[in-house]
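Peer 1: The structure's right below; bear with me while I get my questions together.
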Amino acid sequence: MSSESLQVGVVLGGVAPEHEVSVITALQAAAALDRDHYTPVPIYVAKDGTWYTGDALLEVESYRNLDALREEALPVALAPTPHGSLELLEDRGPGALKHLQRPALRRRIDVMLLGLHGGPGENGGVQGLCEAFNVPYTSAGVFGSALGMDKVMSKRVCRQAGIPVVDFVALREGEWAYQEGAALDDCEAALDYPLVVKPARCGSSIGISQVETRAGLDAAIEDAFRYDDKVVVEEAVEALREINCSVLGDGHEATPSVLEEPVPSEDDEVLTFQDKYMREDGEATKAGGTKSTESGPEGMAAQDRIVPANLSDERTEAIQEMAVRIFHQFECAGVVRIDFMIDESTGRLYFNEINTIPGSFSFYLWEPSGVSFDELVDRLVTIARRRHRDQNGRVQTYDVNLLAEKSLQGFKASESS
């Protein structure tokens, strides 16, 4: 390991339903970092929002007992520096007596590799923290992250840009409470059954239902409001093929991956959280029609998927071009996955959603595209640092002190009058 290696803060966990999925994504990325150039520093965000570091956090087996892991790990706080990096400072609060016999931890972080899914880790919250601390970070910026997390705003932006989306109605909890009947009437007036109901700002298919009756719609909306105060109701695509494309790059250049077609279980009309992460028989059909299990940490089976998707060259290129267009429309950076829907009965293509920090960074789409997982992670770090240099090369402050004595003379006069 080089003494000049970059200290990469690998951020994982988070206050979100996808907490465990994030652990898998980030540990896979940490293992792929070239130790000749990078030193991974785990930064674990527990489910209660406490931040930790420690070598045990790089071992997936440690997460089998989260209480024991937190006892072993060190609570930390983040501190900005004037050098485009930040420091992890050990947070020695009550109960830290066992650590007082040694110096407090102080660790430099040169770039933040964000492996968080959902919640503040993907909606712009942690990205804003990195911006405030002026440290490079992988993933889209605050704007793209917030926009991508909100299914309602995503659809509105795409529709405004001429990118097709299915018809939908957005509901806020305040509009629903005590006037459910009127809200249901509005949905039924604008949309035709069957309908899909989703929390507007949750990932991994959490809280999603497909319904065919008014009673089912009522129950599905109530359930979705358990997860978010904004809900989207949209027309279901009955003859559905889901097609996903990853995009890698930034505002200067973006490259699409091969396409995948996720395969839901036979009993499900939409892909569920269990389909994506908890199936014991998950296999990926690779190019040439052979199947192989997506290897990952034990207990996290891959969903079924066809890679590359069985589409014509013309259709594939059209979807890839639309994916790149959406990537730029959302001002993304790093790696994203964009999910599309094809209506087999009409041939129409629709934008479904964008994942600004996709599970496992969609490495399974990049390996058949000629980019190894090691190279993918290296590119993410390189893009993050380049964006950081670009931003810091622009005028951010003026060398003028408006609070100097001369500038305050008028203020003082108005105070005394």
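Quick note on naming: the chains in the structure tokens go A, B, ... in the order shown, residues restart at 1 in each chain, and ligands are numbered from 1 in order of appearance.
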Can you tell me which residues surround Leu66 (chain A) at a distance of at most 10 Å, considering only C-alpha atoms, apart from same-chain residues fewer than 4 positions away, and format the answer as a list of chain:residue names?

Peer 2: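 Listing them by chain and then by number gives A:Ala46, A:Lys47, A:Ser62, A:Arg70, A:Glu71, A:Glu72.
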
Peer 1: So that I can check the surroundings of Ala224 (chain A), please list as a list in words every protein, DNA and RNA residue that reaches within 10 Å of it, counting only C-alpha atoms and ignoring chain neighbours fewer than 5 positions away.

Peer 2: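 Listed by chain and then number, they are Val197, Lys198, Pro199, Ala200, Cys202, Ile206, Gly207, Ile208, Ser209, Ala219, Asp229, Lys230, Val231 and Val232 of chain A.
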
Peer 1: Under the rule of at most 9 Å, produce a per-residue listing of region 316-371 of chain A near region 20-29 of chain A: chain, number, name, the closest pair of atoms, and the distance in Å, as CSV, using only C-alpha atoms.

Peer 2:
residue,atom,partner,partner_atom,distance
A:Pro358,CA,A:Thr25,CA,8.5
A:Gly359,CA,A:Thr25,CA,5.9
A:Ser360,CA,A:Thr25,CA,4.3
A:Phe361,CA,A:Thr25,CA,6.9

Peer 1: Check the smallest atom-to-atom distance from each of A:Glu222, A:Asp228, A:Asp339, A:Glu234 to Ser362 (chain A) using only C-alpha atoms, then report the winner.

Peer 2: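 Distance minimum relative to Ser362 (chain A) lands on A:Asp339.
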
Peer 1: Figure out the distance between CA of Leu349 (chain A) and CA of Val165 (chain A), please, to one decimal in Å.

Peer 2: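 So the answer is 8.2 Å.
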
Peer 1: Looking at A:Leu57, A:Leu184, A:Ile354, A:Ile306, which one is nearest to Ala215 (chain A), with distances taken over only C-alpha atoms?

Peer 2: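 Nearest to Ala215 (chain A): A:Leu184.
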
Peer 1: Compile the contact shell of Thr138 (chain A) as a VMD selection string: residues with an atom at most 8 Å away, counting only C-alpha atoms, same-chain residues fewer than 3 positions apart removed.

Peer 2: chain A and resid 111 to 114 333 to 334 380 to 381 383 to 384

Peer 1: Can you tell me, as a PyMOL selection string, what residues are no more than 8 Å from region 246-255 of chain A when counting only C-alpha atoms, ignoring any on the same chain fewer than 2 positions away?

Peer 2: chain A and resi 244+257-259+323-324+327-328+331-338+362+365-366+383

Peer 1: Applying 7 Å and only C-alpha atoms, which residues near Ile109 (chain A) remain after dropping the ones on its own chain fewer than 4 positions away? List them as an MDAnalysis selection string.

Peer 2: chainID A and resid 7:9 85:87

Peer 1: Using only C-alpha atoms, determine which residues lie at most 12 Å from Trp176 (chain A), disregarding the query and same-chain residues fewer than 2 positions distant; provide the list as a list in words.

Peer 2: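 Counting only the stated atoms, we get Ala170, Leu171, Arg172, Glu173, Gly174, Tyr178, Gln179, Glu180, Gly181, Ala182, Ala183, Leu184, Asp185, Asp186, Cys187, Asp218, Ile221, Glu222, Ala224, Phe225, Asp229, Lys230 and Val231 of chain A.
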
Peer 1: Tell me which protein, DNA and RNA residues are within 12 Å of Thr316 (chain A), counting only C-alpha atoms, leaving out same-chain ones fewer than 4 positions away, and put them as JSON, numbers by chain.

Peer 2: {"A": [243, 244, 245, 256, 257, 258, 259, 260, 261, 308, 309, 310, 311, 312, 320, 321, 322, 323, 340, 342, 349]}

Peer 1: Okay, now the selection with N, CA and C atoms, as a compact mmCIF listing (two decimals), in the first residue's frame?

Peer 2:
# COMPACT_ATOMS: atom_id res chain seq x y z
N ILE A 243 -36.95 -2.68 -18.65
CA ILE A 243 -35.60 -2.62 -19.23
C ILE A 243 -34.82 -1.54 -18.49
N ASN A 244 -33.62 -1.89 -18.04
CA ASN A 244 -32.79 -0.95 -17.29
C ASN A 244 -31.48 -0.69 -18.02
N CYS A 245 -30.98 0.52 -17.85
CA CYS A 245 -29.71 0.91 -18.44
C CYS A 245 -28.93 1.73 -17.42
N PRO A 256 -23.43 4.88 -21.86
CA PRO A 256 -24.43 3.91 -21.40
C PRO A 256 -23.85 2.50 -21.35
N SER A 257 -24.43 1.68 -20.49
CA SER A 257 -24.05 0.27 -20.38
C SER A 257 -24.89 -0.57 -21.33
N VAL A 258 -24.66 -1.87 -21.31
CA VAL A 258 -25.61 -2.79 -21.93
C VAL A 258 -26.92 -2.71 -21.16
N LEU A 259 -27.97 -3.26 -21.73
CA LEU A 259 -29.28 -3.23 -21.09
C LEU A 259 -29.55 -4.54 -20.35
N GLU A 260 -30.39 -4.45 -19.33
CA GLU A 260 -30.84 -5.65 -18.63
C GLU A 260 -32.36 -5.69 -18.62
N GLU A 261 -32.89 -6.90 -18.49
CA GLU A 261 -34.32 -7.08 -18.29
C GLU A 261 -34.53 -7.85 -16.99
N PRO A 308 -27.24 -9.34 -21.89
CA PRO A 308 -28.01 -8.13 -22.25
C PRO A 308 -29.45 -8.47 -22.59
N ALA A 309 -30.32 -7.49 -22.49
CA ALA A 309 -31.73 -7.69 -22.79
C ALA A 309 -31.89 -8.08 -24.26
N ASN A 310 -32.86 -8.92 -24.51
CA ASN A 310 -33.09 -9.43 -25.86
C ASN A 310 -33.92 -8.43 -26.66
N LEU A 311 -33.25 -7.43 -27.17
CA LEU A 311 -33.86 -6.37 -27.98
C LEU A 311 -33.07 -6.18 -29.26
N SER A 312 -33.70 -5.61 -30.26
CA SER A 312 -32.99 -5.32 -31.50
C SER A 312 -31.92 -4.27 -31.27
N GLN A 320 -30.54 3.41 -24.98
CA GLN A 320 -29.28 3.93 -24.45
C GLN A 320 -29.17 5.44 -24.67
N GLU A 321 -29.59 5.91 -25.85
CA GLU A 321 -29.55 7.35 -26.12
C GLU A 321 -30.49 8.11 -25.18
N MET A 322 -31.68 7.54 -24.92
CA MET A 322 -32.61 8.20 -24.00
C MET A 322 -32.05 8.20 -22.59
N ALA A 323 -31.36 7.13 -22.20
CA ALA A 323 -30.78 7.06 -20.86
C ALA A 323 -29.73 8.16 -20.67
N PHE A 340 -36.71 1.69 -17.36
CA PHE A 340 -37.71 1.97 -18.38
C PHE A 340 -38.77 0.87 -18.38
N ILE A 342 -41.50 -1.01 -21.22
CA ILE A 342 -42.00 -1.17 -22.58
C ILE A 342 -43.38 -1.81 -22.50
N LEU A 349 -42.32 3.05 -25.24
CA LEU A 349 -41.30 3.06 -24.19
C LEU A 349 -41.60 4.20 -23.22
